[in-house]
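**Q** Here it is, the structure in full.
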Amino acid sequence: MKFNEQIVLVTGSSRGIGAAIAKAFAAEGATVIINYLKNSAAAIDTAEKCNKLGGSAKIIQADVSSGEQIQILIDEILQDFSKIDILVNNAFKPYIFDSENRKQFHETSWNDYQEQLDGVLFSSYTLCQAILPIFKKRTKGNIINIASDLVARPTIPYHDYMTAKAALIGFSRNLAMEVGQFGIRVNCVAPGLVYPTDGSMNTKEGLKEMIINQTPLRRIAAPEDVAGPVLFLASSWSGFITGQTLYIDGGMVMR
Amino acid sequence: MKFLEIIHVNETQVIDSLTEFIIRHKTREDEFDALALQIFDYQFNNNLPYQRFCRQRETTPKTVQSWKSIPAVPINAYKSLTLSCCRSEDVKRTFMTSGTTGDGLRGKCHHPTLSVYDSSMITAFKARFMPDLKTIRMGILFPTENQMPNSSLAHYLALAYSNFGSDGSQYLLTTEGVCLEKLFAELERAEKNLEPYALLGASYSFVHLIDQMEKSNQTIQLPKGSRILDTGGFKGQSRELDLDDFYERLSERFSVPRASCVNMYGMTELSTQFYDNGNQICPSKKSGPHWIRSQVVNPVTGIPMPKGERGILVHCDLAHFNCVATIQTEDIGIEVDNGFLLLGRAEGAEAKGCSMAVAEFLKIAQG
Amino acid sequence: MTLNLGYFQGIESSAIEWKTLSFDRGKGAIEVAVPVLSETQLKSLCTRVKDMSQTYLKTIPVSDLVNIIDTAISSFLDRTNPYRQQAEDLLPRITGYDPEMIRLGLTSYLKTFRKVELNRFLSEDFSNPKILDEFQPLPKGGLGRAYGPDLLFHIWAGNVPGLPIWSLVSGLLVKAGNVGKVSSAEPLMASLFSKLLSEIDPKLGECIAIVWWEGGQNKWEEVLLNHADLVLAYGNNDTLRQIRDRTPITTRCLTYGHKISFGMISRSALDTGKSWTTAHQAAYDIVRYDQQGCYSPQIFFVEEGGAVSPEQFAQFLARELENFENKFPRRSLTIEEASSVASWRQSEELKAFSEEKRSFIVDPNGGWSVSYSETAEEIYPSGLNRTIQVFAVKSLHEVPSMVKPYKALLQTVGIAASPEELIQLASQLGAIGVTRISALEHMTTPEAGWHHDGRFNLLDLVTVTEVERTAETAAEAFSDYVD
């Protein structure tokens, strides 16, 4: 039970990758805070599964694009548990991955880029600002951001979204550089296509085949595949690793 | 996991649960745990300084899974903080420590009712000191409760006297010390009538008494079934003694076998007491009733020491519901099967090097 | 096989009682034997050491002594030397300090006694060191010669490795005969060093003896106090008082008691570039010998207004102490030491949650703790063993008046500040009795010739015999060649 007595906040964890991550932590004894935006039924279901797996879970609704709601979220966690050990920034503004009808560069306005920066980076930024004082007070903390392997190799160029994800990696590295001396680690995981999730429900078979062909491990990632590396980065096994991006795509990208 | 769904209880419910728990003959570890965690939740929510202490230790009722992880408040905290769940107007009785430590401050424990304290004392006293008799003729070498209303020991002995003392039982202390006339009258009476007799009092009182009797070469042959209970350390009041020596001489003077010379280990900051099964061997093994548990821990980390290694004693006393149930003492002990050995106080260490340490600093600053 | 420590000549090992001292500080249990001489043996040892110091030491030039000591120190600095290896192997087991810390600490400390540094000791105290060899002109006129005691009695205390070497070397430089009583906590270094010296120069070896007896007032101490010309004692105030009281009025008794040292950090050292380094250096002074030295910091005063706040600095310090747990883990504590730390920790914790402007950061494994307060408080010891207090101040100039009442207890102040601030603070601190100002990371590594507690290492040990100008002038009239 590697995460016994640890309090883990996973944003956007009612379903998909977030839920898989929450359950994986719970299976290792953690108390997981399942943050969700709208789907309370899914959040409750995930929480129950966490409880059954040997950990425990509490669901808290909050819109992580709102600075106010983030502060309320953090305060509620501290009220109940008096600490937070790990933050996983998984929630982001939903993006439609449509390989056949994506916006090409000349169709992508600056506003599109701006929206994605806000959608991807703003909540991570705000959550980090809110949680860092808490981590600094105990000189210990762990932040994991979810990026994408398309940053390293844009198999399909989703200009606005992936530029924002690339910014997220730069953001994480700079933060890692500064907060390392407080004992706080910041890392990213960069999955490729993960199926099934809300974003990948409509991915065409042809595209999946193409990806499989280019993947040494010859399959598409499942949400559970993302959970393992997140737990690794959250654990003391990676105690001397910070500022890194772990690519979870079966070897499609090798960094 | 169930512990995230905690049902908050009020004082009445706590007292009821405790009363019921105490009178049961046997309880399981998980039952102790459940009640301990419930009382912890009660104290966390109603004793704000304790809540802050727990938060500083990053612990809340939602993060604790067993009684062993409940934050133990250091015994000195009672001197500087008010650790009480009930309101000050609801306090029925306050017990205070003796104030013999260097700073002269006295720790306070407030009780909104003494029903649980009394139940705890009576149940355990019966089991450990009076398993064979309903009552016994008693002599008490300590002031009465009226004389020392803030002394938990005075109340303890008063309970022994009123619940277990047969007719003729007496208090034998005056302001000048033990009333030797009365005492020896009682002792000689017991000798003659072959009626079992019990002497209870502070350890230092016994030291003075034995000294006296040795000087005048007196011995008493107390009849079979007689017993002695001593409590409280020797520090500050009379000279320190080797425990073996003390019990040997005690046994000799009164002809009470060492197995019937029982030491009671208690403190103002608890509502339950520990007993040994006599002092044939010193130090004797001490144990308490099923509503108190102890651990031997590393004083800095709070992590339990391996069994058999010296550490600091931490007690989780469910009966101490109004203050803080879990306390870190300054007593050194070793865990043994079904109990622990009490090895003395943890004195501060002198600096091993040439940097000034607190003890020396205080001497200079105050001197 | 138990190692015999202590050192002396002229008595058979088998004629002496040996007491076994056992150590088990978590680095491997070890037993050593220390010599407990009888009163008679001690008396004859005193006589022997005195005689040799008079007939040998006092006749050789001090530059020869410097060379002999330097040779011994070079051997000790050589990591392949058997004595050095014995020290590196046994000191961690005796004291519990981390082996790496010991190894680095030994080298750094022993460098203080190489030839160049020994000459610094000499020239720091004597404008003309030849005054130790023969009569030399005095600045006031006439001639003078400095004589060290025939018998210098050292009473050593504590477990900071090698501390006895400082006073032993000082004694030798002034050509004193030395009898040193080692502390039960660290009986090794003085013994090894003396053995090494005697191998290089056996006659010098006869001028030294390293002995031991149970602490407290006793007959052995009586013997030495009555035979010595000068007593040099280290320890706590109670011990020092009773030694001084029992020293004959005609014998000087020099005492070195326990001290509190602290650090001061200016906002100029707290920009975003340098502040981590400052924290690292501060932490180094805390971890070296687990704050057991008189020069070890127990408090840091940190100025507000820098890019990095005092509270952040406290957090950096906590992290650095954590990092040092990897590099130089703290020695394991006895239950009494652990209780002292626990009791300090508890009282700081209690303060932290009853007062708003405080915080308390602690290693869950119990290795270190940092107590931070926004308002500086009365100076007070920490719990030692890597427990530190950090106080925020509006200006460092507030500090001297705050610590003034404790003049008698102060020693070293480590300062991280600009050159101008350094000089200003130095004069304020000097006025209130601080005797040493160093950089951070160097609080615990004093340089050669350091005026320990503001005193003179060598000058304090000697008496000067002067030949007045009048005597010189008068003698002229009696010379063969008088006109």
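Ordering of the structure tokens sets the chain letters (A, B, ...), residue numbers begin anew at 1 in every chain, and ligands are numbered from 1 in the order given.
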Please list as a PyMOL selection string every residue within 12 Å of C:Ser309, counting only C-alpha atoms and excluding residues in the same chain fewer than 2 positions away.

**A** chain C and resi 265-272+275-276+301-307+311-316+372+374+390-394

**Q** What's the 12 Å shell around A:Trp110, counting only C-alpha atoms, without same-chain residues fewer than 5 positions away, as a list of chain:residue names?

**A**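 That gives A:Phe105, A:Glu115, A:Gln116, A:Leu117, A:His159, A:Asp160, A:Tyr161, A:Thr163.
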
**Q** Would you save the residues of that selection, restricted to C-alpha atoms, as a PDB file, in the first residue's frame?

**A**
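Result file follows (result.pdb):
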ATOM      1  CA  PHE A 105      -3.553  26.456 -39.599  1.00  0.00           C
ATOM      2  CA  GLU A 115      -8.890  29.649 -25.700  1.00  0.00           C
ATOM      3  CA  GLN A 116      -6.816  26.515 -25.535  1.00  0.00           C
ATOM      4  CA  LEU A 117      -4.125  28.228 -23.490  1.00  0.00           C
ATOM      5  CA  HIS A 159      -2.465  23.455 -33.669  1.00  0.00           C
ATOM      6  CA  ASP A 160      -4.208  25.284 -30.883  1.00  0.00           C
ATOM      7  CA  TYR A 161      -4.594  22.430 -28.428  1.00  0.00           C
ATOM      8  CA  THR A 163       0.573  24.381 -28.629  1.00  0.00           C
TER       9      THR A 163
END

**Q** Between B:Asp90, B:Asp118, B:Glu188, B:Glu5, which is the closest to B:Ser271 once you count only C-alpha atoms?

**A**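 Of B:Asp90, B:Asp118, B:Glu188, B:Glu5, the one nearest B:Ser271, counting only C-alpha atoms, is B:Asp118.
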
**Q** With the cut-off set at 7 Å and counting only C-alpha atoms, tabulate each residue of chain C with an atom at most that distance from an atom of chain B, showing the nearest atom pair and its distance in Å to one decimal, ordered by chain and increasing number, as a tab-separated table.

**A**
residue	atom	partner	partner_atom	distance
C:Gly158	CA	B:Gly353	CA	4.0
C:Asn159	CA	B:Gly353	CA	5.4
C:Val160	CA	B:Gly353	CA	6.0
C:Gly235	CA	B:Cys354	CA	6.8
C:Gly257	CA	B:Cys354	CA	6.9
C:His258	CA	B:Cys354	CA	4.7
C:Lys259	CA	B:Met356	CA	5.1
C:Ile260	CA	B:Met356	CA	5.6
C:Gln291	CA	B:Ser355	CA	7.0
C:Gln292	CA	B:Gly353	CA	4.4
C:Gly293	CA	B:Ser355	CA	5.0
C:Cys294	CA	B:Ser355	CA	4.1
C:Ser296	CA	B:Ser355	CA	6.9
C:Ile335	CA	B:Gly311	CA	6.7
C:Glu336	CA	B:Ala349	CA	5.1
C:Glu337	CA	B:Ala349	CA	5.1
C:Ala338	CA	B:Val300	CA	6.0
C:Ser339	CA	B:Pro299	CA	5.7
C:Ser340	CA	B:Gly348	CA	5.0
C:Val341	CA	B:Val300	CA	6.6
C:Ala342	CA	B:Val300	CA	4.7
C:Gln346	CA	B:Pro74	CA	6.8
C:Phe353	CA	B:Arg52	CA	6.0
C:Pro364	CA	B:Thr301	CA	6.4
C:Asn365	CA	B:Thr301	CA	5.9
C:Gly366	CA	B:Thr301	CA	5.0
C:Pro381	CA	B:Val358	CA	5.5

**Q** Calculated over only C-alpha atoms, which of the candidates C:Asn226, C:Ser170, C:Thr112, C:Thr277 has the smallest distance to chain A?

**A**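 With only C-alpha atoms as the atom set, the closest residue is C:Thr277.
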
**Q** Among stretch 243-302 of chain C, which ones does DSSP assign to alpha helix (DSSP H) (computed from the backbone)? Answer as a short mmCIF file (atom, residue, chain, number, x, y, z; two decimals) with C-alpha atoms, in the first residue's frame.

**A**
data_model
loop_
_atom_site.label_atom_id
_atom_site.label_comp_id
_atom_site.auth_asym_id
_atom_site.auth_seq_id
_atom_site.Cartn_x
_atom_site.Cartn_y
_atom_site.Cartn_z
CA ILE C 243 37.27 22.86 39.48
CA ARG C 244 38.16 26.50 39.92
CA ASP C 245 37.20 26.42 43.59
CA ARG C 246 39.39 23.42 44.23
CA SER C 275 19.37 32.77 -1.17
CA TRP C 276 19.55 29.04 -1.69
CA THR C 277 23.33 29.07 -1.29
CA THR C 278 22.93 31.06 1.91
CA ALA C 279 20.49 28.45 3.22
CA HIS C 280 22.86 25.67 2.22
CA GLN C 281 25.76 27.27 4.05
CA ALA C 282 23.65 27.90 7.13
CA ALA C 283 22.48 24.28 7.13
CA TYR C 284 26.08 23.03 6.91
CA ASP C 285 26.93 24.80 10.15
CA ILE C 286 23.90 23.22 11.79
CA VAL C 287 24.72 19.68 10.76
#

**Q** Using only C-alpha atoms, select each residue of chain A with any atom at most 7 Å away from an atom of chain B, and give the selection as a PDB file with C-alpha atoms, in the first residue's frame.

**A**
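Saved as part.pdb:
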ATOM      1  CA  GLU A   5      -2.401   7.911   4.493  1.00  0.00           C
ATOM      2  CA  ASN A  51     -13.683   2.589  -1.549  1.00  0.00           C
ATOM      3  CA  GLY A  55      -8.573   3.291  -0.451  1.00  0.00           C
ATOM      4  CA  SER A  56     -11.176   5.919   0.204  1.00  0.00           C
ATOM      5  CA  ASP A  80     -11.264  17.498   6.290  1.00  0.00           C
ATOM      6  CA  PHE A  81      -7.723  16.206   5.994  1.00  0.00           C
ATOM      7  CA  SER A  82      -5.394  19.067   7.056  1.00  0.00           C
ATOM      8  CA  LYS A  83      -3.006  18.294   4.209  1.00  0.00           C
TER       9      LYS A  83
END

**Q** Find the residues of chain A that sit at most 10 Å from chain C; for each, write down the nearest two atoms and how far apart they are in Å, to one decimal. Count only C-alpha atoms. Sort by chain, then by number going up, and give it as CSV.

**A**
residue,atom,partner,partner_atom,distance
A:Lys136,CA,C:Gln315,CA,6.9
A:Lys137,CA,C:Gln315,CA,7.1
A:Arg138,CA,C:Ile361,CA,6.0
A:Thr139,CA,C:Gln315,CA,6.3
A:Lys140,CA,C:Arg319,CA,8.7
A:Glu178,CA,C:Thr272,CA,9.8
A:Val179,CA,C:Phe316,CA,10.0
A:Gly180,CA,C:Arg319,CA,9.3
A:Gln181,CA,C:Phe316,CA,6.4
A:Phe182,CA,C:Phe316,CA,6.0
A:Gly183,CA,C:Arg319,CA,6.2
A:Ile184,CA,C:Arg319,CA,9.8
